[in-house]
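Next up, model30.txt (compact mmCIF, C-alpha atoms):
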# COMPACT_ATOMS: atom_id res chain seq x y z
CA MET X 1 112.91 16.63 97.44
CA HIS X 2 111.71 17.10 101.00
CA LYS X 3 115.25 16.72 102.28
CA ARG X 4 116.53 19.49 100.01
CA LEU X 5 113.68 21.78 101.13
CA THR X 6 114.47 21.07 104.76
CA VAL X 7 118.14 21.87 104.24
CA PHE X 8 117.24 25.13 102.43
CA SER X 9 114.83 26.15 105.20
CA ALA X 10 117.43 25.48 107.85
CA THR X 11 120.00 27.51 105.95
CA ALA X 12 117.57 30.42 105.50
CA SER X 13 116.68 30.34 109.19
CA ALA X 14 120.33 30.40 110.16
CA LEU X 15 120.94 33.34 107.85
CA LEU X 16 118.00 35.30 109.28
CA LEU X 17 119.16 34.54 112.81
CA SER X 18 122.66 35.69 111.92
CA LEU X 19 121.32 38.92 110.45
CA GLY X 20 119.19 39.47 113.53
CA MET X 21 122.16 38.97 115.83
CA THR X 22 124.25 41.35 113.70
CA THR X 23 121.50 43.98 113.85
CA LEU X 24 121.30 43.64 117.61
CA ALA X 25 125.07 43.82 117.90
CA GLU X 26 125.16 46.99 115.83
CA ALA X 27 122.27 48.63 117.66
CA SER X 28 122.91 52.34 118.21
CA MET X 29 124.28 53.72 121.46
CA TYR X 30 124.24 57.33 122.48
CA ARG X 31 126.94 59.44 124.09
CA TYR X 32 125.84 62.68 125.66
CA SER X 33 126.42 65.01 128.58
CA ASP X 34 123.95 65.03 131.44
CA GLU X 35 122.80 68.12 133.32
CA GLU X 36 125.95 68.03 135.47
CA GLY X 37 128.18 67.87 132.42
CA GLN X 38 129.10 64.25 132.97
CA LEU X 39 129.60 62.10 129.88
CA VAL X 40 127.02 59.30 129.58
CA ILE X 41 126.84 56.37 127.17
CA SER X 42 123.47 54.63 126.96
CA ASN X 43 121.11 52.91 124.54
CA THR X 44 118.54 55.60 125.32
CA ILE X 45 118.79 59.36 125.59
CA PRO X 46 116.61 61.81 127.55
CA GLN X 47 114.72 64.42 125.59
CA GLN X 48 116.51 67.28 127.33
CA ALA X 49 119.90 65.78 126.48
CA THR X 50 119.13 65.82 122.76
CA LYS X 51 118.98 69.61 122.90
CA ARG X 52 122.60 69.71 124.08
CA GLY X 53 123.81 67.58 121.18
CA TYR X 54 125.02 63.99 121.22
CA ASP X 55 126.96 61.28 119.37
CA ILE X 56 125.59 58.06 117.90
CA LEU X 57 127.98 55.13 118.42
CA ASN X 58 128.20 51.72 116.75
CA SER X 59 128.83 48.46 118.56
CA ASN X 60 132.57 49.15 118.56
CA GLY X 61 132.10 52.49 120.28
CA ARG X 62 132.96 54.46 117.17
CA VAL X 63 131.09 57.67 116.41
CA VAL X 64 128.95 57.15 113.33
CA GLU X 65 127.06 60.45 113.55
CA THR X 66 127.25 63.63 115.59
CA ILE X 67 124.06 65.54 116.26
CA PRO X 68 124.80 69.21 117.01
CA PRO X 69 123.12 71.08 119.87
CA ALA X 70 119.76 72.66 119.22
CA PRO X 71 120.14 76.38 118.42
CA THR X 72 119.58 78.81 121.26
CA GLU X 73 116.96 81.56 121.12
CA ALA X 74 119.73 84.07 120.42
CA GLU X 75 121.06 81.93 117.55
CA ILE X 76 117.56 81.50 116.12
CA ALA X 77 117.02 85.27 116.35
CA ALA X 78 120.37 85.90 114.65
CA ARG X 79 119.48 83.50 111.83
CA GLU X 80 116.10 85.15 111.34
CA ALA X 81 117.76 88.57 111.33
CA GLN X 82 120.22 87.36 108.71
CA LYS X 83 117.36 86.00 106.59
CA GLN X 84 115.59 89.33 106.88
CA ARG X 85 118.75 91.20 105.86
CA GLN X 86 119.16 88.94 102.84
CA LYS X 87 115.52 89.51 101.91
CA GLU X 88 115.94 93.27 102.21
CA LEU X 89 119.11 93.17 100.11
CA THR X 90 117.29 91.20 97.42
CA ILE X 91 114.43 93.70 97.40
CA GLN X 92 116.89 96.61 97.29
CA ARG X 93 118.75 95.09 94.32
CA GLU X 94 115.47 94.64 92.46
CA GLN X 95 114.48 98.24 93.21
CA ASP X 96 117.89 99.49 92.07
CA THR X 97 117.55 97.56 88.81
CA ARG X 98 114.15 99.14 88.11
CA LEU X 99 115.45 102.58 89.09
CA LEU X 100 118.45 102.34 86.75
CA LYS X 101 116.14 101.35 83.90
CA ARG X 102 114.34 104.68 84.39
CA PHE X 103 117.31 106.95 85.06
CA SER X 104 121.04 106.57 84.43
CA HIS X 105 121.99 109.81 86.23
CA PRO X 106 120.52 111.71 89.21
CA ASP X 107 119.96 114.79 87.02
CA GLN X 108 117.59 112.80 84.81
CA ALA X 109 115.45 112.02 87.84
CA ILE X 110 115.50 115.69 88.89
CA LYS X 111 114.27 116.80 85.46
CA ALA X 112 111.53 114.17 85.52
CA MET X 113 110.51 115.30 89.01
CA HIS X 114 110.22 118.94 87.97
CA ARG X 115 108.15 118.02 84.89
CA LYS X 116 105.73 115.95 86.94
CA LEU X 117 105.46 118.54 89.70
CA ASP X 118 104.88 121.31 87.14
CA GLU X 119 102.04 119.27 85.64
CA LEU X 120 100.37 118.82 89.01
CA ARG X 121 100.83 122.46 89.96
CA GLY X 122 99.36 123.44 86.60
CA LEU X 123 96.28 121.33 87.33
CA ILE X 124 95.90 122.98 90.70
CA GLN X 125 96.06 126.42 89.06
CA LEU X 126 93.31 125.40 86.63
CA LYS X 127 91.16 124.20 89.49
CA ARG X 128 91.68 127.44 91.38
CA GLY X 129 90.61 129.27 88.23
CA ASN X 130 87.46 127.12 88.15
CA ILE X 131 86.79 128.03 91.76
CA SER X 132 87.04 131.73 90.87
CA VAL X 133 84.50 131.32 88.05
CA ILE X 134 82.11 129.30 90.20
CA SER X 135 82.54 131.71 93.12
CA SER X 136 81.55 134.58 90.84
CA GLN X 137 78.44 132.69 89.77
CA LEU X 138 77.69 131.91 93.40
CA ASP X 139 78.03 135.56 94.40
CA ASN X 140 75.56 136.55 91.68
CA GLU X 141 73.02 133.94 92.75
CA GLN X 142 73.39 134.83 96.43
CA SER X 143 72.98 138.55 95.61
CA ARG X 144 69.79 137.81 93.66
CA ALA X 145 68.46 135.71 96.52
CA ALA X 146 69.29 138.44 99.05
CA ASN X 147 67.49 141.05 96.94
CA MET X 148 64.42 138.84 96.72
CA GLU X 149 64.40 138.44 100.50
CA ARG X 150 64.69 142.20 101.03
CA ASN X 151 61.79 142.72 98.64
CA GLY X 152 59.72 140.15 100.50
CA GLN X 153 59.80 137.74 97.59
CA LYS X 154 60.04 133.98 97.96
CA ILE X 155 63.33 132.63 96.67
CA PRO X 156 62.63 130.06 93.94
CA ASP X 157 63.67 126.50 94.64
CA ALA X 158 65.67 126.51 91.41
CA THR X 159 67.75 129.41 92.72
CA LEU X 160 68.35 127.69 96.07
CA ASP X 161 69.28 124.44 94.31
CA LYS X 162 71.73 126.30 92.09
CA ILE X 163 73.33 127.99 95.12
CA HIS X 164 73.72 124.63 96.87
CA ARG X 165 75.09 123.04 93.70
CA LEU X 166 77.66 125.81 93.22
CA GLU X 167 78.73 125.58 96.87
CA SER X 168 79.09 121.80 96.53
CA GLN X 169 81.20 122.22 93.37
CA ILE X 170 83.55 124.58 95.18
CA ARG X 171 83.95 122.16 98.10
CA ASP X 172 84.64 119.27 95.71
CA ILE X 173 87.30 121.23 93.83
CA GLU X 174 88.90 122.37 97.09
CA ARG X 175 89.14 118.72 98.19
CA GLU X 176 90.74 117.83 94.85
CA ILE X 177 93.26 120.62 95.32
CA LEU X 178 94.06 119.34 98.81
CA TRP X 179 94.57 115.78 97.51
CA GLN X 180 96.78 116.99 94.69
CA SER X 181 98.81 119.14 97.08
CA GLN X 182 99.40 116.06 99.20
CA GLU X 183 100.25 114.10 96.06
CA ILE X 184 102.82 116.75 95.11
CA GLU X 185 104.51 116.47 98.50
CA ALA X 186 104.52 112.65 98.43
CA LEU X 187 105.85 112.63 94.86
CA LYS X 188 108.60 115.09 95.76
CA GLN X 189 109.69 112.95 98.71
CA ALA X 190 109.70 109.79 96.57
CA PHE X 191 111.78 111.45 93.84
CA GLU X 192 114.25 112.87 96.35
CA LYS X 193 114.70 109.40 97.83
CA ASP X 194 115.31 107.96 94.35
CA ILE X 195 117.76 110.74 93.53
CA LYS X 196 119.80 110.05 96.65
CA ARG X 197 119.81 106.34 95.83
CA LEU X 198 120.93 107.08 92.27
CA GLU X 199 123.84 109.11 93.59
CA LYS X 200 124.91 106.13 95.69
CA VAL X 201 124.35 103.45 93.03
CA THR X 202 125.87 105.35 90.09
CA GLY X 203 128.54 107.20 92.02
CA GLU X 204 127.40 110.38 90.24
CA THR X 205 126.53 113.63 92.03
CA ARG X 206 123.54 115.71 90.97
CA THR X 207 124.24 119.08 89.43
CA LEU X 208 120.65 120.38 89.28
CA SER X 209 118.65 121.91 92.11
CA LEU X 210 115.88 119.95 93.77
CA GLU X 211 113.87 123.12 94.18
CA ALA X 212 111.39 124.25 91.56
CA THR X 213 112.71 126.60 88.87
CA SER X 214 110.95 128.96 86.46
CA THR X 215 111.56 126.54 83.58
CA SER X 216 112.22 122.83 83.42
CA ASP X 217 114.25 121.11 80.71

Kindly present the structure from the file in structure tokens form.
Amino acid sequence: MHKRLTVFSATASALLLSLGMTTLAEASMYRYSDEEGQLVISNTIPQQATKRGYDILNSNGRVVETIPPAPTEAEIAAREAQKQRQKELTIQREQDTRLLKRFSHPDQAIKAMHRKLDELRGLIQLKRGNISVISSQLDNEQSRAANMERNGQKIPDATLDKIHRLESQIRDIEREILWQSQEIEALKQAFEKDIKRLEKVTGETRTLSLEATSTSD
């Protein structure tokens, strides 16, 4: 029994030794160019040489793997630019898909633009009408207060509060009109951009005017 174990152990040891020798024999070598451009074969490779690319050789000197040079800054920049272009193209396709779901022809977008702009302009007109009404009330209150001052009377706090409140209401409405005027301009620019894009995507040319008309369909 001991003899068989000894024979097995010796066989296993020989096998392990053989595998070890094979591994050593097949240890990787590197072929690369040094800073002078000279070809070098070595079992080690400098860090700087790896950036220029190199070959991994087996024990027979055959190339088993080729490591390409590290990309230059210009190549990295070009790759990043390409990625950015692809990203922008993807975003543009998604935007075009959403746009075509809303409008199938540039004229549809023009009609929608005029309807929306007419609504906003209508709101501004209502607000200007409100300002006229409030301004009339303010004029009356200010006239009453001026008459009281001329007659040597003390202006009641309620009258002063009302004057201040009316003035504040006018300022608030004027700010709203300013915001809505800016909204109108931004909306018009956005629609015009969409209309131009629709012309390009659909191949159709608009037939309606971009300018406001007396009536909108």

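Minimum atom-to-atom distance to X:Val64, evaluated using all atoms listed in the file, belongs to X:Met29 out of X:Met29, X:Ala146, X:Ile41, X:Met113.
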
Just how far from atom CA of X:Lys193 is atom CA of X:Glu94, in Å to one decimal?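 Interatomic distance here is 15.7 Å.
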
Quick one: everything within 7 Å of X:Ala49, counting only C-alpha atoms, minus sequence neighbours fewer than 4 positions away in the same chain. Send it as a short mmCIF file (atom, residue, chain, number, x, y, z; two decimals) with C-alpha atoms, in the coordinates of the input.
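Writing done, so here's selection-v3.cif:
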data_model
loop_
_atom_site.label_atom_id
_atom_site.label_comp_id
_atom_site.auth_asym_id
_atom_site.auth_seq_id
_atom_site.Cartn_x
_atom_site.Cartn_y
_atom_site.Cartn_z
CA TYR X 32 125.84 62.68 125.66
CA SER X 33 126.42 65.01 128.58
CA ASP X 34 123.95 65.03 131.44
CA ILE X 45 118.79 59.36 125.59
CA GLY X 53 123.81 67.58 121.18
#

Give the padded box for stretch 123-131 of chain X as lines of an AutoDock Vina configuration file: axis-aligned, covering all atoms listed in the file, 4 Å on each side, centre and edge lengths in Å to one decimal.
center_x = 91.5
center_y = 125.3
center_z = 89.2
size_x = 17.5
size_y = 15.9
size_z = 13.1

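Comparing the minimum interatomic distances between X:Glu176 and each of X:Leu120, X:Ala145, X:Leu198, X:Ile110, counting only C-alpha atoms, we find that X:Leu120 sits nearest.
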
If we count only C-alpha atoms, what is near X:Lys111 at a cut-off of 12 Å, once residues fewer than 2 positions away on the same chain are taken out, given as a list in words?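 Listing them by chain and then by number gives Phe103, His105, Pro106, Asp107, Gln108, Ala109, Met113, His114, Arg115, Lys116, Leu117, Asp118, Lys188, Phe191, Glu192, Ile195, Arg206, Thr207, Leu208, Ser209, Leu210, Glu211, Ala212, Thr213, Thr215, Ser216 and Asp217 of chain X.
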
Counting only C-alpha atoms, the residue of X:Lys87, X:Arg79, X:Arg197, X:Arg52 that sits nearest X:Gly37: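 Among X:Lys87, X:Arg79, X:Arg197, X:Arg52, it is X:Arg52 that comes nearest to X:Gly37.
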
Neighbours of point (125.9, 70.7, 121.5) within 9 Å, using all atoms listed in the file, written as a VMD selection string: chain X and resid 50 to 54 67 to 71

Store the residues picked out above in a file with C-alpha atoms, as a PDB file, in the coordinates of the input.
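The resulting file, selection02.pdb, is reproduced below:
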ATOM      1  CA  THR X  50     119.130  65.820 122.760  1.00  0.00           C
ATOM      2  CA  LYS X  51     118.980  69.610 122.900  1.00  0.00           C
ATOM      3  CA  ARG X  52     122.600  69.710 124.080  1.00  0.00           C
ATOM      4  CA  GLY X  53     123.810  67.580 121.180  1.00  0.00           C
ATOM      5  CA  TYR X  54     125.020  63.990 121.220  1.00  0.00           C
ATOM      6  CA  ILE X  67     124.060  65.540 116.260  1.00  0.00           C
ATOM      7  CA  PRO X  68     124.800  69.210 117.010  1.00  0.00           C
ATOM      8  CA  PRO X  69     123.120  71.080 119.870  1.00  0.00           C
ATOM      9  CA  ALA X  70     119.760  72.660 119.220  1.00  0.00           C
ATOM     10  CA  PRO X  71     120.140  76.380 118.420  1.00  0.00           C
TER      11      PRO X  71
END

For X:Arg165, list every protein, DNA or RNA residue within 12 Å, evaluated using only C-alpha atoms, and leave out those in the same chain fewer than 4 positions away; present the list as a PyMOL selection string. chain X and resi 134-135+137-138+141+157-161+169-172

Take atom CA of X:Asn43 and atom CA of X:Tyr30 and report the distance between them in Å, one decimal. 5.8 Å

Using all atoms listed in the file, can you tell me which of X:Ser59, X:Glu35, X:Ile124, X:Ser42 comes closest to X:Gln182? X:Ile124

Just checking: using all atoms listed in the file, which residue out of X:Ile131, X:Leu178, X:Leu187, X:Ala78 ends up closest to X:Leu166?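 Smallest distance to X:Leu166 is found for X:Ile131.
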
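Here atom CA of X:Ile163 is placed at a distance of 7.0 Å from atom CA of X:Gln142.
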
Which residue of X:Ser104, X:Gln180, X:Ser28, X:Gln84 approaches X:Arg121 most closely, using only C-alpha atoms: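 Once distances to X:Arg121 are computed over only C-alpha atoms, the minimum belongs to X:Gln180.
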
Complete the atom set of stretch 88-120 of chain X to N, CA and C atoms and return it as an mmCIF file, in the coordinates of the input.
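Output below, filename out25.cif:
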data_model
loop_
_atom_site.group_PDB
_atom_site.id
_atom_site.type_symbol
_atom_site.label_atom_id
_atom_site.label_comp_id
_atom_site.auth_asym_id
_atom_site.auth_seq_id
_atom_site.Cartn_x
_atom_site.Cartn_y
_atom_site.Cartn_z
ATOM 1 N N GLU X 88 115.913 91.829 102.474
ATOM 2 C CA GLU X 88 115.940 93.270 102.210
ATOM 3 C C GLU X 88 116.950 93.616 101.129
ATOM 4 N N LEU X 89 118.100 92.937 101.146
ATOM 5 C CA LEU X 89 119.110 93.170 100.110
ATOM 6 C C LEU X 89 118.591 92.772 98.736
ATOM 7 N N THR X 90 117.862 91.650 98.689
ATOM 8 C CA THR X 90 117.290 91.200 97.420
ATOM 9 C C THR X 90 116.279 92.213 96.894
ATOM 10 N N ILE X 91 115.428 92.698 97.789
ATOM 11 C CA ILE X 91 114.430 93.700 97.400
ATOM 12 C C ILE X 91 115.111 94.974 96.929
ATOM 13 N N GLN X 92 116.179 95.389 97.655
ATOM 14 C CA GLN X 92 116.890 96.610 97.290
ATOM 15 C C GLN X 92 117.541 96.476 95.921
ATOM 16 N N ARG X 93 118.130 95.306 95.636
ATOM 17 C CA ARG X 93 118.750 95.090 94.320
ATOM 18 C C ARG X 93 117.712 95.168 93.213
ATOM 19 N N GLU X 94 116.531 94.589 93.460
ATOM 20 C CA GLU X 94 115.470 94.640 92.460
ATOM 21 C C GLU X 94 115.004 96.083 92.246
ATOM 22 N N GLN X 95 114.884 96.837 93.326
ATOM 23 C CA GLN X 95 114.480 98.240 93.210
ATOM 24 C C GLN X 95 115.538 99.052 92.466
ATOM 25 N N ASP X 96 116.810 98.777 92.761
ATOM 26 C CA ASP X 96 117.890 99.490 92.070
ATOM 27 C C ASP X 96 117.874 99.193 90.577
ATOM 28 N N THR X 97 117.598 97.941 90.230
ATOM 29 C CA THR X 97 117.550 97.560 88.810
ATOM 30 C C THR X 97 116.445 98.331 88.091
ATOM 31 N N ARG X 98 115.262 98.396 88.726
ATOM 32 C CA ARG X 98 114.150 99.140 88.110
ATOM 33 C C ARG X 98 114.466 100.635 88.031
ATOM 34 N N LEU X 99 115.117 101.151 89.071
ATOM 35 C CA LEU X 99 115.450 102.580 89.090
ATOM 36 C C LEU X 99 116.434 102.923 87.979
ATOM 37 N N LEU X 100 117.436 102.074 87.776
ATOM 38 C CA LEU X 100 118.450 102.340 86.750
ATOM 39 C C LEU X 100 117.886 102.184 85.332
ATOM 40 N N LYS X 101 116.800 101.437 85.202
ATOM 41 C CA LYS X 101 116.140 101.350 83.900
ATOM 42 C C LYS X 101 115.437 102.668 83.565
ATOM 43 N N ARG X 102 115.031 103.397 84.601
ATOM 44 C CA ARG X 102 114.340 104.680 84.390
ATOM 45 C C ARG X 102 115.325 105.836 84.234
ATOM 46 N N PHE X 103 116.364 105.835 85.064
ATOM 47 C CA PHE X 103 117.310 106.950 85.060
ATOM 48 C C PHE X 103 118.743 106.408 85.168
ATOM 49 N N SER X 104 119.630 106.970 84.371
ATOM 50 C CA SER X 104 121.040 106.570 84.430
ATOM 51 C C SER X 104 121.881 107.589 85.195
ATOM 52 N N HIS X 105 121.270 108.752 85.520
ATOM 53 C CA HIS X 105 121.990 109.810 86.230
ATOM 54 C C HIS X 105 121.005 110.542 87.138
ATOM 55 N N PRO X 106 121.439 110.995 88.310
ATOM 56 C CA PRO X 106 120.520 111.710 89.210
ATOM 57 C C PRO X 106 119.842 112.913 88.561
ATOM 58 N N ASP X 107 120.560 113.616 87.667
ATOM 59 C CA ASP X 107 119.960 114.790 87.020
ATOM 60 C C ASP X 107 118.753 114.427 86.176
ATOM 61 N N GLN X 108 118.753 113.232 85.590
ATOM 62 C CA GLN X 108 117.590 112.800 84.810
ATOM 63 C C GLN X 108 116.365 112.679 85.708
ATOM 64 N N ALA X 109 116.559 112.160 86.895
ATOM 65 C CA ALA X 109 115.450 112.020 87.840
ATOM 66 C C ALA X 109 114.956 113.388 88.298
ATOM 67 N N ILE X 110 115.900 114.337 88.473
ATOM 68 C CA ILE X 110 115.500 115.690 88.890
ATOM 69 C C ILE X 110 114.652 116.355 87.814
ATOM 70 N N LYS X 111 115.056 116.226 86.559
ATOM 71 C CA LYS X 111 114.270 116.800 85.460
ATOM 72 C C LYS X 111 112.880 116.178 85.396
ATOM 73 N N ALA X 112 112.822 114.860 85.549
ATOM 74 C CA ALA X 112 111.530 114.170 85.520
ATOM 75 C C ALA X 112 110.658 114.632 86.679
ATOM 76 N N MET X 113 111.263 114.825 87.843
ATOM 77 C CA MET X 113 110.510 115.300 89.010
ATOM 78 C C MET X 113 109.914 116.672 88.747
ATOM 79 N N HIS X 114 110.725 117.590 88.229
ATOM 80 C CA HIS X 114 110.220 118.940 87.970
ATOM 81 C C HIS X 114 109.099 118.931 86.933
ATOM 82 N N ARG X 115 109.226 118.087 85.904
ATOM 83 C CA ARG X 115 108.150 118.020 84.890
ATOM 84 C C ARG X 115 106.850 117.542 85.522
ATOM 85 N N LYS X 116 106.941 116.502 86.329
ATOM 86 C CA LYS X 116 105.730 115.950 86.940
ATOM 87 C C LYS X 116 105.118 116.939 87.934
ATOM 88 N N LEU X 117 105.970 117.565 88.730
ATOM 89 C CA LEU X 117 105.460 118.540 89.700
ATOM 90 C C LEU X 117 104.842 119.738 89.010
ATOM 91 N N ASP X 118 105.449 120.190 87.900
ATOM 92 C CA ASP X 118 104.880 121.310 87.140
ATOM 93 C C ASP X 118 103.504 120.953 86.590
ATOM 94 N N GLU X 119 103.343 119.707 86.145
ATOM 95 C CA GLU X 119 102.040 119.270 85.640
ATOM 96 C C GLU X 119 100.980 119.337 86.736
ATOM 97 N N LEU X 120 101.331 118.833 87.911
ATOM 98 C CA LEU X 120 100.370 118.820 89.010
ATOM 99 C C LEU X 120 100.060 120.236 89.493
#
